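Quick look at input04.tsv (TSV, C-alpha atoms and all ligand atoms):
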```
chain	number	residue	atom	x	y	z
P	217	MET	CA	138.51	-119.43	-85.02
P	218	SER	CA	134.95	-118.15	-85.46
P	219	ARG	CA	132.68	-117.38	-82.48
P	220	HIS	CA	130.78	-120.67	-82.71
P	221	LEU	CA	131.85	-124.25	-83.49
P	222	LEU	CA	129.07	-125.48	-85.75
P	223	SER	CA	130.90	-127.28	-88.54
P	224	VAL	CA	134.40	-128.27	-89.54
P	225	ASP	CA	133.83	-125.84	-92.44
P	226	SER	CA	134.71	-122.98	-90.07
P	227	LEU	CA	138.08	-124.54	-89.15
P	228	THR	CA	141.40	-124.07	-90.88
P	229	ARG	CA	144.56	-126.11	-90.52
P	230	ASP	CA	145.93	-123.33	-88.27
P	231	SER	CA	142.89	-123.23	-86.01
P	232	VAL	CA	142.90	-127.03	-85.69
P	233	ASN	CA	146.63	-126.99	-84.87
P	234	HIS	CA	145.99	-124.33	-82.24
P	235	LEU	CA	143.23	-126.43	-80.63
P	236	MET	CA	145.49	-129.51	-80.66
P	237	HIS	CA	148.22	-127.50	-78.97
P	238	VAL	CA	145.85	-126.16	-76.28
P	239	ALA	CA	144.42	-129.67	-75.76
P	240	ALA	CA	147.91	-131.04	-75.13
P	241	ARG	CA	148.38	-128.35	-72.45
P	242	MET	CA	145.11	-129.49	-70.84
P	243	GLU	CA	146.41	-133.06	-70.36
P	244	PRO	CA	147.66	-132.63	-66.75
P	245	ILE	CA	144.20	-131.32	-65.81
P	246	ALA	CA	142.34	-133.99	-67.80
P	247	GLN	CA	144.55	-136.67	-66.22
P	248	ARG	CA	143.65	-135.32	-62.78
P	249	ARG	CA	147.14	-134.28	-61.77
P	250	GLN	CA	146.45	-130.54	-61.72
P	251	VAL	CA	143.48	-128.21	-61.31
P	252	THR	CA	142.64	-124.83	-62.80
P	253	ARG	CA	139.86	-122.31	-62.15
P	254	VAL	CA	140.21	-120.16	-65.30
P	255	LEU	CA	136.46	-120.40	-65.97
P	256	GLU	CA	135.42	-119.76	-62.36
P	257	GLY	CA	132.04	-118.00	-62.40
P	258	ALA	CA	131.24	-119.00	-66.00
P	259	VAL	CA	128.10	-121.03	-66.79
P	260	LEU	CA	127.61	-123.59	-69.58
P	261	GLY	CA	124.18	-124.44	-70.98
P	262	ASN	CA	124.27	-128.09	-72.03
P	263	LEU	CA	121.18	-128.76	-74.16
P	264	PHE	CA	120.71	-132.32	-75.38
P	265	PHE	CA	117.59	-133.14	-77.37
P	266	GLU	CA	118.94	-136.53	-78.48
P	267	ALA	CA	120.51	-139.46	-76.60
P	268	SER	CA	124.12	-138.96	-75.51
P	269	THR	CA	126.57	-140.22	-72.91
P	270	ARG	CA	130.06	-139.09	-74.02
P	271	THR	CA	129.37	-135.73	-75.60
P	272	ARG	CA	126.97	-134.55	-72.90
P	273	VAL	CA	129.03	-135.75	-69.93
P	274	SER	CA	132.47	-134.88	-71.31
P	275	PHE	CA	131.46	-131.32	-72.26
P	276	HIS	CA	129.99	-131.00	-68.75
P	277	ALA	CA	133.12	-132.45	-67.10
P	278	ALA	CA	135.44	-130.35	-69.30
P	279	PHE	CA	133.67	-127.14	-68.24
P	280	CYS	CA	133.81	-128.19	-64.57
P	281	ARG	CA	137.52	-129.03	-64.87
P	282	LEU	CA	138.07	-125.45	-66.06
P	283	GLY	CA	136.30	-124.21	-62.91
P	284	GLY	CA	132.91	-123.36	-64.45
P	285	GLY	CA	129.36	-124.50	-63.59
P	286	VAL	CA	126.86	-126.29	-65.85
P	287	CYS	CA	123.07	-126.10	-66.39
P	288	ASP	CA	121.73	-129.18	-68.16
P	289	THR	CA	118.58	-130.02	-70.02
P	290	THR	CA	118.03	-133.42	-71.55
P	291	GLY	CA	115.23	-134.39	-73.95
P	292	PHE	CA	112.37	-132.30	-75.34
P	293	THR	CA	110.01	-133.37	-72.53
P	294	PHE	CA	111.79	-131.22	-69.95
P	295	SER	CA	112.31	-128.21	-72.21
P	296	SER	CA	109.70	-125.63	-73.17
P	297	MET	CA	110.29	-126.64	-76.80
P	298	ALA	CA	107.74	-129.33	-75.87
P	299	LYS	CA	105.29	-126.39	-75.51
P	300	GLY	CA	106.12	-125.16	-78.99
P	301	GLU	CA	108.91	-122.69	-78.13
P	302	SER	CA	111.10	-121.92	-81.16
P	303	LEU	CA	114.85	-122.39	-81.48
P	304	TYR	CA	115.14	-118.58	-81.78
P	305	ASP	CA	113.37	-117.89	-78.47
P	306	THR	CA	115.15	-120.74	-76.68
P	307	SER	CA	118.49	-119.41	-77.92
P	308	ARG	CA	117.82	-115.86	-76.73
P	309	VAL	CA	116.59	-117.05	-73.33
P	310	MET	CA	119.54	-119.39	-72.76
P	311	SER	CA	121.96	-116.64	-73.83
P	312	GLY	CA	120.74	-114.52	-70.93
P	313	TYR	CA	121.73	-117.31	-68.54
P	314	CYS	CA	124.89	-118.88	-69.97
P	315	ASP	CA	128.37	-117.96	-71.24
P	316	ALA	CA	128.59	-120.88	-73.68
P	317	ILE	CA	126.05	-123.36	-75.02
P	318	VAL	CA	126.44	-126.91	-76.31
P	319	MET	CA	123.50	-128.31	-78.20
P	320	ARG	CA	122.58	-131.65	-79.74
P	321	HIS	CA	119.40	-131.86	-81.79
P	322	PRO	CA	117.93	-134.46	-84.20
P	323	ASP	CA	117.53	-132.01	-87.13
P	324	GLN	CA	120.38	-131.15	-89.47
P	325	GLY	CA	120.98	-127.38	-89.43
P	326	SER	CA	119.09	-126.83	-86.14
P	327	VAL	CA	122.19	-125.93	-84.10
P	328	ALA	CA	123.22	-123.35	-86.72
P	329	GLU	CA	119.69	-121.89	-86.59
P	330	PHE	CA	119.96	-121.69	-82.79
P	331	ALA	CA	123.41	-120.06	-83.03
P	332	ALA	CA	122.17	-117.43	-85.49
P	333	ALA	CA	120.10	-115.91	-82.65
P	334	THR	CA	122.94	-115.37	-80.16
P	335	HIS	CA	126.33	-113.76	-79.59
P	336	VAL	CA	127.16	-116.40	-76.95
P	337	PRO	CA	129.45	-119.18	-78.34
P	338	VAL	CA	127.49	-122.23	-79.46
P	339	ILE	CA	129.03	-125.66	-80.05
P	340	ASN	CA	127.32	-128.24	-82.23
P	341	GLY	CA	127.18	-131.46	-80.21
P	342	GLY	CA	125.60	-133.26	-83.19
P	343	ASP	CA	122.80	-132.08	-85.51
P	344	GLY	CA	120.98	-135.09	-86.92
P	345	PRO	CA	122.96	-136.66	-89.77
P	346	GLY	CA	124.85	-133.36	-90.26
P	347	GLU	CA	128.04	-132.87	-88.27
P	348	HIS	CA	129.76	-133.51	-84.97
P	349	PRO	CA	132.80	-131.20	-85.10
P	350	SER	CA	134.07	-131.68	-81.54
P	351	GLN	CA	134.12	-135.45	-82.15
P	352	ALA	CA	136.22	-134.90	-85.28
P	353	LEU	CA	138.65	-132.78	-83.27
P	354	LEU	CA	139.03	-135.45	-80.59
P	355	ASP	CA	139.34	-138.13	-83.27
P	356	PHE	CA	142.08	-136.13	-84.94
P	357	TYR	CA	143.80	-135.53	-81.59
P	358	THR	CA	143.67	-139.30	-80.99
P	359	ILE	CA	145.16	-140.10	-84.41
P	360	ASP	CA	147.91	-137.56	-83.82
P	361	LYS	CA	148.74	-138.99	-80.37
P	362	GLU	CA	148.63	-142.61	-81.52
P	363	PHE	CA	150.83	-141.79	-84.53
P	364	ALA	CA	153.35	-140.01	-82.28
P	365	ARG	CA	153.49	-143.14	-80.07
P	366	LEU	CA	153.95	-145.40	-83.10
P	367	GLY	CA	156.38	-143.09	-84.93
P	368	ARG	CA	153.99	-142.58	-87.87
P	369	LYS	CA	153.31	-139.51	-90.01
P	370	LEU	CA	149.94	-138.10	-90.95
P	371	ALA	CA	151.05	-137.11	-94.46
P	372	GLY	CA	150.48	-140.12	-96.69
P	373	ALA	CA	148.60	-142.07	-93.99
P	374	HIS	CA	145.92	-144.55	-95.01
P	375	VAL	CA	142.60	-144.25	-93.15
P	376	LEU	CA	139.75	-146.73	-93.55
P	377	LEU	CA	136.27	-145.40	-92.69
P	378	THR	CA	133.61	-148.07	-92.42
P	379	GLY	CA	130.03	-148.61	-91.20
P	380	ASP	CA	127.20	-146.13	-91.70
P	381	LEU	CA	128.90	-143.44	-93.75
P	382	LYS	CA	125.61	-141.93	-94.93
P	383	TYR	CA	124.01	-140.97	-91.62
P	384	GLY	CA	127.13	-141.08	-89.41
P	385	ARG	CA	127.82	-137.42	-88.64
P	386	THR	CA	131.17	-138.22	-87.01
P	387	VAL	CA	132.62	-139.47	-90.30
P	388	HIS	CA	131.21	-136.45	-92.16
P	389	SER	CA	133.10	-134.11	-89.83
P	390	LEU	CA	136.20	-136.29	-89.67
P	391	ILE	CA	136.66	-136.63	-93.42
P	392	LYS	CA	136.38	-132.82	-93.78
P	393	LEU	CA	138.93	-132.32	-91.03
P	394	LEU	CA	141.41	-134.83	-92.47
P	395	SER	CA	141.06	-133.12	-95.84
P	396	LEU	CA	142.65	-129.94	-94.38
P	397	TYR	CA	145.98	-131.79	-94.10
P	398	ASP	CA	148.57	-133.07	-96.55
P	399	PRO	CA	147.35	-135.68	-99.04
P	400	MET	CA	146.46	-139.04	-97.58
P	401	ARG	CA	144.64	-142.13	-98.72
P	402	ILE	CA	141.07	-142.61	-97.52
P	403	THR	CA	139.23	-145.87	-98.16
P	404	LEU	CA	135.47	-146.04	-97.62
P	405	VAL	CA	133.61	-149.30	-96.99
P	406	ALA	CA	129.85	-149.04	-96.36
P	407	PRO	CA	126.94	-151.45	-96.61
P	408	PRO	CA	124.81	-150.85	-99.74
P	409	GLY	CA	122.69	-147.70	-99.35
P	410	LEU	CA	124.81	-146.28	-96.52
P	411	GLU	CA	127.68	-144.85	-98.58
P	412	MET	CA	129.41	-141.53	-97.89
P	413	PRO	CA	127.55	-138.63	-99.60
P	414	ASP	CA	129.10	-137.70	-102.97
P	415	TYR	CA	129.62	-134.03	-102.07
P	416	LEU	CA	132.01	-135.06	-99.29
P	417	ILE	CA	133.93	-137.46	-101.52
P	418	ASP	CA	134.23	-134.70	-104.14
P	419	LEU	CA	135.40	-132.16	-101.55
P	420	VAL	CA	138.12	-134.44	-100.21
P	421	ALA	CA	139.27	-135.51	-103.67
P	422	SER	CA	139.40	-131.85	-104.79
P	423	ARG	CA	141.90	-131.21	-101.98
P	424	GLY	CA	144.30	-133.78	-103.40
P	425	HIS	CA	143.47	-136.86	-101.31
P	426	ARG	CA	143.12	-140.30	-102.83
P	427	VAL	CA	139.61	-141.55	-102.04
P	428	GLU	CA	138.56	-145.07	-102.91
P	429	GLN	CA	135.26	-146.86	-102.24
P	430	ARG	CA	135.27	-150.62	-101.70
P	431	ALA	CA	132.31	-152.90	-101.20
P	432	SER	CA	133.66	-155.15	-98.49
P	433	LEU	CA	136.11	-155.62	-95.64
P	434	ALA	CA	137.14	-158.98	-97.12
P	435	ASP	CA	140.16	-157.41	-98.79
P	436	ASP	CA	143.81	-156.66	-98.02
P	437	TYR	CA	144.07	-153.70	-95.63
P	438	ARG	CA	147.62	-154.40	-94.42
P	439	ASP	CA	148.81	-150.85	-95.19
P	440	VAL	CA	145.91	-149.17	-93.36
P	441	ASP	CA	147.04	-147.06	-90.40
P	442	VAL	CA	143.62	-146.38	-88.88
P	443	VAL	CA	140.40	-148.41	-89.03
P	444	TYR	CA	137.57	-146.08	-88.02
P	445	THR	CA	134.34	-148.04	-87.72
P	446	THR	CA	130.87	-146.68	-86.92
P	447	ARG	CA	127.48	-147.82	-85.68
P	448	ILE	CA	124.54	-148.17	-88.05
P	449	GLN	CA	122.37	-145.10	-87.30
P	450	LYS	CA	119.04	-146.96	-87.42
P	451	GLU	CA	117.30	-144.09	-85.62
P	452	ARG	CA	117.73	-142.07	-88.84
P	453	PHE	CA	116.32	-144.75	-91.17
P	454	THR	CA	112.97	-144.29	-92.87
P	455	ALA	CA	110.40	-147.02	-92.07
P	456	GLU	CA	111.06	-148.45	-95.53
P	457	MET	CA	114.79	-148.73	-94.89
P	458	SER	CA	114.35	-150.28	-91.44
P	459	GLU	CA	112.19	-153.05	-92.78
P	460	GLY	CA	114.27	-156.15	-93.13
P	461	PHE	CA	117.60	-154.31	-92.67
P	462	SER	CA	120.28	-156.26	-90.91
P	463	LEU	CA	124.00	-155.61	-91.04
P	464	SER	CA	125.96	-158.50	-92.45
P	465	ARG	CA	128.68	-159.88	-90.19
P	466	ASP	CA	131.07	-159.16	-93.11
P	467	PHE	CA	131.14	-155.50	-92.02
P	468	THR	CA	132.24	-156.30	-88.46
P	469	VAL	CA	135.65	-155.21	-87.24
P	470	ASP	CA	136.85	-157.96	-84.91
P	471	ARG	CA	140.05	-159.72	-83.92
P	472	ALA	CA	139.94	-162.06	-86.93
P	473	PHE	CA	139.65	-159.09	-89.33
P	474	MET	CA	142.47	-157.23	-87.60
P	475	ASP	CA	144.78	-160.27	-87.48
P	476	LYS	CA	144.09	-161.47	-91.00
P	477	ARG	CA	143.56	-158.27	-93.01
P	478	CYS	CA	145.38	-155.45	-91.18
P	479	GLY	CA	148.88	-154.59	-90.02
P	480	ARG	CA	150.28	-155.33	-86.56
P	481	ASP	CA	150.05	-151.69	-85.47
P	482	THR	CA	146.82	-150.65	-87.20
P	483	ILE	CA	144.76	-148.72	-84.67
P	484	VAL	CA	141.03	-149.23	-84.27
P	485	MET	CA	138.77	-146.30	-83.53
P	486	HIS	CA	135.00	-145.87	-83.13
P	487	PRO	CA	133.14	-142.75	-81.97
P	488	LEU	CA	130.98	-145.00	-79.74
P	489	PRO	CA	128.50	-146.09	-78.55
P	490	ARG	CA	129.05	-149.55	-80.02
P	491	ASP	CA	125.80	-151.41	-80.35
P	492	SER	CA	126.20	-154.49	-78.17
P	493	ARG	CA	122.98	-156.21	-79.26
P	494	ALA	CA	123.70	-159.61	-80.78
P	495	ASP	CA	122.40	-158.89	-84.31
P	496	ALA	CA	124.01	-155.42	-84.55
P	497	ASN	CA	127.40	-156.74	-85.73
P	498	ASP	CA	129.10	-153.57	-84.54
P	499	LEU	CA	132.76	-153.45	-83.44
P	500	ASP	CA	133.42	-156.72	-81.61
P	501	VAL	CA	134.31	-156.91	-77.92
P	502	ASP	CA	136.91	-159.59	-78.69
P	503	LEU	CA	139.40	-156.74	-79.24
P	504	ASN	CA	138.99	-155.46	-75.65
P	505	GLY	CA	142.37	-155.24	-73.96
P	506	ASP	CA	144.17	-155.33	-77.34
P	507	PRO	CA	146.54	-152.33	-77.57
P	508	ARG	CA	145.36	-151.68	-81.14
P	509	LEU	CA	141.92	-150.83	-79.79
P	510	ALA	CA	142.10	-147.07	-79.16
P	511	ILE	CA	138.39	-146.49	-78.41
P	512	PHE	CA	138.73	-145.68	-74.72
P	513	ARG	CA	141.87	-143.61	-75.23
P	514	GLN	CA	139.71	-141.83	-77.80
P	515	THR	CA	136.87	-141.18	-75.28
P	516	ASP	CA	139.40	-140.00	-72.68
P	517	ASN	CA	140.76	-137.54	-75.24
P	518	GLY	CA	137.32	-135.93	-75.33
P	519	ILE	CA	138.13	-134.09	-72.11
P	520	PRO	CA	141.32	-132.19	-73.07
P	521	VAL	CA	139.93	-131.45	-76.53
P	522	ARG	CA	136.62	-130.11	-75.22
P	523	MET	CA	138.50	-128.09	-72.58
P	524	ALA	CA	140.58	-126.63	-75.42
P	525	ILE	CA	137.43	-125.71	-77.35
P	526	PHE	CA	135.97	-123.87	-74.35
P	527	ALA	CA	139.24	-122.19	-73.43
P	528	THR	CA	139.74	-120.97	-77.01
P	529	LEU	CA	136.15	-119.80	-77.60
P	530	LEU	CA	136.07	-118.04	-74.20
P	531	GLN	CA	139.59	-116.64	-74.69
P	532	VAL	CA	141.31	-118.02	-71.59
P	533	ASP	CA	143.66	-120.36	-73.49
P	534	GLU	CA	146.68	-118.18	-72.60
P	535	LEU	CA	145.86	-118.23	-68.87
P	536	ILE	CA	145.96	-121.97	-68.20
P	537	GLU	CA	149.61	-122.36	-67.12
P	538	LYS	CA	149.38	-119.36	-64.76
P	539	ASP	CA	146.49	-120.94	-62.89
P	540	LEU	CA	147.59	-124.55	-62.20
P	541	ARG	CA	147.60	-126.24	-58.78
P	542	PRO	CA	148.19	-129.92	-57.87
P	543	VAL	CA	145.12	-132.10	-57.14
P	544	ARG	CA	144.48	-133.21	-53.57
P	545	TRP	CA	142.22	-136.24	-54.02
P	546	PHE	CA	142.99	-139.91	-54.78
P	547	VAL	CA	143.43	-140.73	-58.48
P	548	PRO	CA	143.96	-144.35	-59.70
P	549	GLU	CA	146.88	-144.94	-62.03
P	550	ARG	CA	144.65	-146.43	-64.76
P	551	VAL	CA	140.92	-145.82	-64.90
P	552	GLY	CA	139.80	-148.94	-66.80
P	553	VAL	CA	140.44	-152.57	-65.79
P	554	ASP	CA	141.21	-153.59	-69.41
P	555	ASP	CA	143.37	-150.58	-70.30
P	556	ALA	CA	146.41	-151.71	-72.24
P	557	ALA	CA	149.79	-150.61	-70.88
P	558	LEU	CA	151.42	-148.69	-73.72
P	601	LIG	N1	127.84	-140.86	-80.73
P	601	LIG	C1	128.07	-140.54	-82.12
P	601	LIG	C2	127.05	-139.51	-82.55
P	601	LIG	O1	126.26	-139.07	-81.76
P	601	LIG	C3	128.05	-141.77	-82.97
P	601	LIG	C4	126.85	-142.65	-82.82
P	601	LIG	O2	125.88	-142.30	-82.13
P	601	LIG	O3	126.87	-143.71	-83.44
P	601	LIG	O4	127.09	-139.13	-83.69
P	602	LIG	N1	130.53	-140.15	-79.59
P	602	LIG	C1	129.38	-139.63	-79.15
P	602	LIG	O1	128.92	-138.59	-79.61
P	602	LIG	O2	128.83	-140.31	-78.12
P	602	LIG	P1	127.43	-139.96	-77.44
P	602	LIG	O3	126.38	-140.13	-78.50
P	602	LIG	O4	127.29	-140.94	-76.32
P	602	LIG	O5	127.50	-138.55	-76.98
```
So, in terms of structure tokens, how does the structure I just supplied come out?
Ligand code: ASP
Ligand code: CP
Amino acid sequence: MSRHLLSVDSLTRDSVNHLMHVAARMEPIAQRRQVTRVLEGAVLGNLFFEASTRTRVSFHAAFCRLGGGVCDTTGFTFSSMAKGESLYDTSRVMSGYCDAIVMRHPDQGSVAEFAAATHVPVINGGDGPGEHPSQALLDFYTIDKEFARLGRKLAGAHVLLTGDLKYGRTVHSLIKLLSLYDPMRITLVAPPGLEMPDYLIDLVASRGHRVEQRASLADDYRDVDVVYTTRIQKERFTAEMSEGFSLSRDFTVDRAFMDKRCGRDTIVMHPLPRDSRADANDLDVDLNGDPRLAIFRQTDNGIPVRMAIFATLLQVDELIEKDLRPVRWFVPERVGVDDAAL
């Protein structure tokens, strides 16, 4: 694996498999049964210049669960970038303080520019409409775990990606990551104007996958193994696009769609957040509590996967087992009130 994690382009099937293996070994720590201090003394710089709940907090928590400490900065207002400081200078300064840096920024390519100025590992926590590689890794880990539970195989699987496929960086990273594996079938359903960029479709097709674009969810998706739906990224729209845009209810994944169009065991994923405003027509809450809805298992998986990324980049992945101790505090059996018993 290269020094930074900026794009899925730097990953190979072997490096992904290694991260999945390390993540699985992190489960007892992520599930709060055991503790480790392998990163004791290390400091993470967590720089978020765009809104985030999961990525920011789970990278922070993952570093803490490995025994490290975290310095945070959120938004441009509280960073000296608001005074005109460049990415280069910010990168060099932060590198003097931190052993690893996670950054989210609204401009595509900005995290790579930041990383070019440092020898300290940098992880792309989302660069505008570009990529979100750690999300793709946790999405892949989730698919792998759900398939193991359901006795399914990845080779030949059918994955439906829907929602904003143009600006959704999670689907850009995920489709690249899936393409590293044995041929599968990938169906893309996006509202007009928000289709997956052609270069990504061409890349995936060139690796032997069957990619198909459909205009609507009102179709037969009974053989789909995974429905991966995404939020419309209105914050990336031009003023012209925003004007009069509203997402038709036809693109909503809800219980009726799952019952009528999909199989009994089709799993539903979403990188989250889901937009809960009435006219957003994002993933419906009527699937809450349904075992097919994997979204919170998916967010939980962010912890072991992000721990694996840190442990691998900072080269302590072989030390984990030697350093484990049982936890001493109270831990509830299930963390969410609606969590399905599987
Ligand atoms: N949280 C994901 C991202 O930052 C997806 C989203 O915001 O819709 O890319
Ligand atoms: N999935 C994801 O990146 O969530 P946040 O935007 O809340 O970090």
Collect all residues with atoms no farther than 9 Å from ligand LIG 601 (chain P), counting only C-alpha atoms and all ligand atoms, and output them as a PDB file with C-alpha atoms, keeping the file's coordinate frame.
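To be explicit, this is the file written out as result-v2.pdb:
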```pdb
ATOM      1  CA  GLU P 266     118.940-136.530 -78.480  1.00  0.00           C
ATOM      2  CA  ALA P 267     120.510-139.460 -76.600  1.00  0.00           C
ATOM      3  CA  SER P 268     124.120-138.960 -75.510  1.00  0.00           C
ATOM      4  CA  THR P 269     126.570-140.220 -72.910  1.00  0.00           C
ATOM      5  CA  ARG P 270     130.060-139.090 -74.020  1.00  0.00           C
ATOM      6  CA  THR P 271     129.370-135.730 -75.600  1.00  0.00           C
ATOM      7  CA  ARG P 320     122.580-131.650 -79.740  1.00  0.00           C
ATOM      8  CA  GLY P 341     127.180-131.460 -80.210  1.00  0.00           C
ATOM      9  CA  GLY P 342     125.600-133.260 -83.190  1.00  0.00           C
ATOM     10  CA  ASP P 343     122.800-132.080 -85.510  1.00  0.00           C
ATOM     11  CA  GLY P 344     120.980-135.090 -86.920  1.00  0.00           C
ATOM     12  CA  PRO P 345     122.960-136.660 -89.770  1.00  0.00           C
ATOM     13  CA  GLU P 347     128.040-132.870 -88.270  1.00  0.00           C
ATOM     14  CA  HIS P 348     129.760-133.510 -84.970  1.00  0.00           C
ATOM     15  CA  GLN P 351     134.120-135.450 -82.150  1.00  0.00           C
ATOM     16  CA  ASP P 380     127.200-146.130 -91.700  1.00  0.00           C
ATOM     17  CA  TYR P 383     124.010-140.970 -91.620  1.00  0.00           C
ATOM     18  CA  GLY P 384     127.130-141.080 -89.410  1.00  0.00           C
ATOM     19  CA  ARG P 385     127.820-137.420 -88.640  1.00  0.00           C
ATOM     20  CA  THR P 386     131.170-138.220 -87.010  1.00  0.00           C
ATOM     21  CA  VAL P 387     132.620-139.470 -90.300  1.00  0.00           C
ATOM     22  CA  THR P 446     130.870-146.680 -86.920  1.00  0.00           C
ATOM     23  CA  ARG P 447     127.480-147.820 -85.680  1.00  0.00           C
ATOM     24  CA  ILE P 448     124.540-148.170 -88.050  1.00  0.00           C
ATOM     25  CA  GLN P 449     122.370-145.100 -87.300  1.00  0.00           C
ATOM     26  CA  HIS P 486     135.000-145.870 -83.130  1.00  0.00           C
ATOM     27  CA  PRO P 487     133.140-142.750 -81.970  1.00  0.00           C
ATOM     28  CA  LEU P 488     130.980-145.000 -79.740  1.00  0.00           C
ATOM     29  CA  PRO P 489     128.500-146.090 -78.550  1.00  0.00           C
ATOM     30  CA  ARG P 490     129.050-149.550 -80.020  1.00  0.00           C
ATOM     31  CA  ASP P 491     125.800-151.410 -80.350  1.00  0.00           C
TER      32      ASP P 491
END
```
**Request:** Would you work out the distance separating atom CA of Met412 of chain P from atom CA of Ser274 of chain P, expressed in Å to one decimal?
**Result:** 27.6 Å
**Using only C-alpha atoms: which of P:Asp315, P:Asp500, P:Glu362, P:Asp323 has the shortest distance to Phe473 of chain P** =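 When distances to Phe473 of chain P are compared using only C-alpha atoms, the smallest one comes from P:Asp500.
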**Item:** Residue neighbourhood Ala277 of chain P, 10 Å, only C-alpha atoms, exclusion window fewer than 6 positions, as a list in words
**Value:**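 The residues that qualify are Ala246, Thr271, Gly283, Gly284, Gly285, Val286, Gly518, Ile519, Arg522 and Met523 of chain P.
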Could you turn the residues from that selection into a file that holds C-alpha atoms, as a short mmCIF file (atom, residue, chain, number, x, y, z; two decimals), keeping the file's coordinate frame?
```
data_model
loop_
_atom_site.label_atom_id
_atom_site.label_comp_id
_atom_site.auth_asym_id
_atom_site.auth_seq_id
_atom_site.Cartn_x
_atom_site.Cartn_y
_atom_site.Cartn_z
CA ALA P 246 142.34 -133.99 -67.80
CA THR P 271 129.37 -135.73 -75.60
CA GLY P 283 136.30 -124.21 -62.91
CA GLY P 284 132.91 -123.36 -64.45
CA GLY P 285 129.36 -124.50 -63.59
CA VAL P 286 126.86 -126.29 -65.85
CA GLY P 518 137.32 -135.93 -75.33
CA ILE P 519 138.13 -134.09 -72.11
CA ARG P 522 136.62 -130.11 -75.22
CA MET P 523 138.50 -128.09 -72.58
#
```
**Message:** For a quick check of your reading of the model, name the residues lying within 9 Å of the coordinate (140.4, -135.6, -77.9), counting all atoms listed in the file, and write them as a ChimeraX atom specification.
**Reply:** /P:236,239,350-358,513-522
Pull out segment 376-380 of chain P, keep all heavy atoms, and write it as a CSV table (one decimal), in the first residue's frame.
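Generated file (out_2.csv):
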```csv
chain,number,residue,atom,x,y,z
P,376,LEU,N,-26.7,-2.7,-7.5
P,376,LEU,CA,-27.4,-1.6,-8.1
P,376,LEU,C,-26.9,-0.3,-7.4
P,376,LEU,O,-27.1,-0.2,-6.2
P,376,LEU,CB,-28.9,-1.8,-7.9
P,376,LEU,CG,-29.8,-0.6,-8.1
P,376,LEU,CD1,-29.8,-0.2,-9.6
P,376,LEU,CD2,-31.3,-0.9,-7.7
P,377,LEU,N,-26.4,0.7,-8.2
P,377,LEU,CA,-26.0,1.9,-7.6
P,377,LEU,C,-27.0,3.0,-8.1
P,377,LEU,O,-27.3,3.1,-9.3
P,377,LEU,CB,-24.6,2.3,-8.1
P,377,LEU,CG,-23.5,1.4,-7.8
P,377,LEU,CD1,-22.1,1.9,-8.3
P,377,LEU,CD2,-23.3,1.2,-6.2
P,378,THR,N,-27.6,3.7,-7.2
P,378,THR,CA,-28.6,4.7,-7.6
P,378,THR,C,-28.5,6.0,-6.8
P,378,THR,O,-27.8,6.0,-5.8
P,378,THR,CB,-30.0,4.0,-7.4
P,378,THR,OG1,-31.0,5.0,-7.9
P,378,THR,CG2,-30.4,3.6,-6.0
P,379,GLY,N,-29.2,7.0,-7.3
P,379,GLY,CA,-29.1,8.4,-6.7
P,379,GLY,C,-28.2,9.3,-7.5
P,379,GLY,O,-28.2,9.2,-8.7
P,380,ASP,N,-27.4,10.1,-6.8
P,380,ASP,CA,-26.6,11.1,-7.5
P,380,ASP,C,-25.2,10.4,-7.8
P,380,ASP,O,-24.3,10.4,-7.0
P,380,ASP,CB,-26.4,12.3,-6.6
P,380,ASP,CG,-25.6,13.4,-7.3
P,380,ASP,OD1,-25.0,13.1,-8.3
P,380,ASP,OD2,-25.7,14.5,-6.8
```
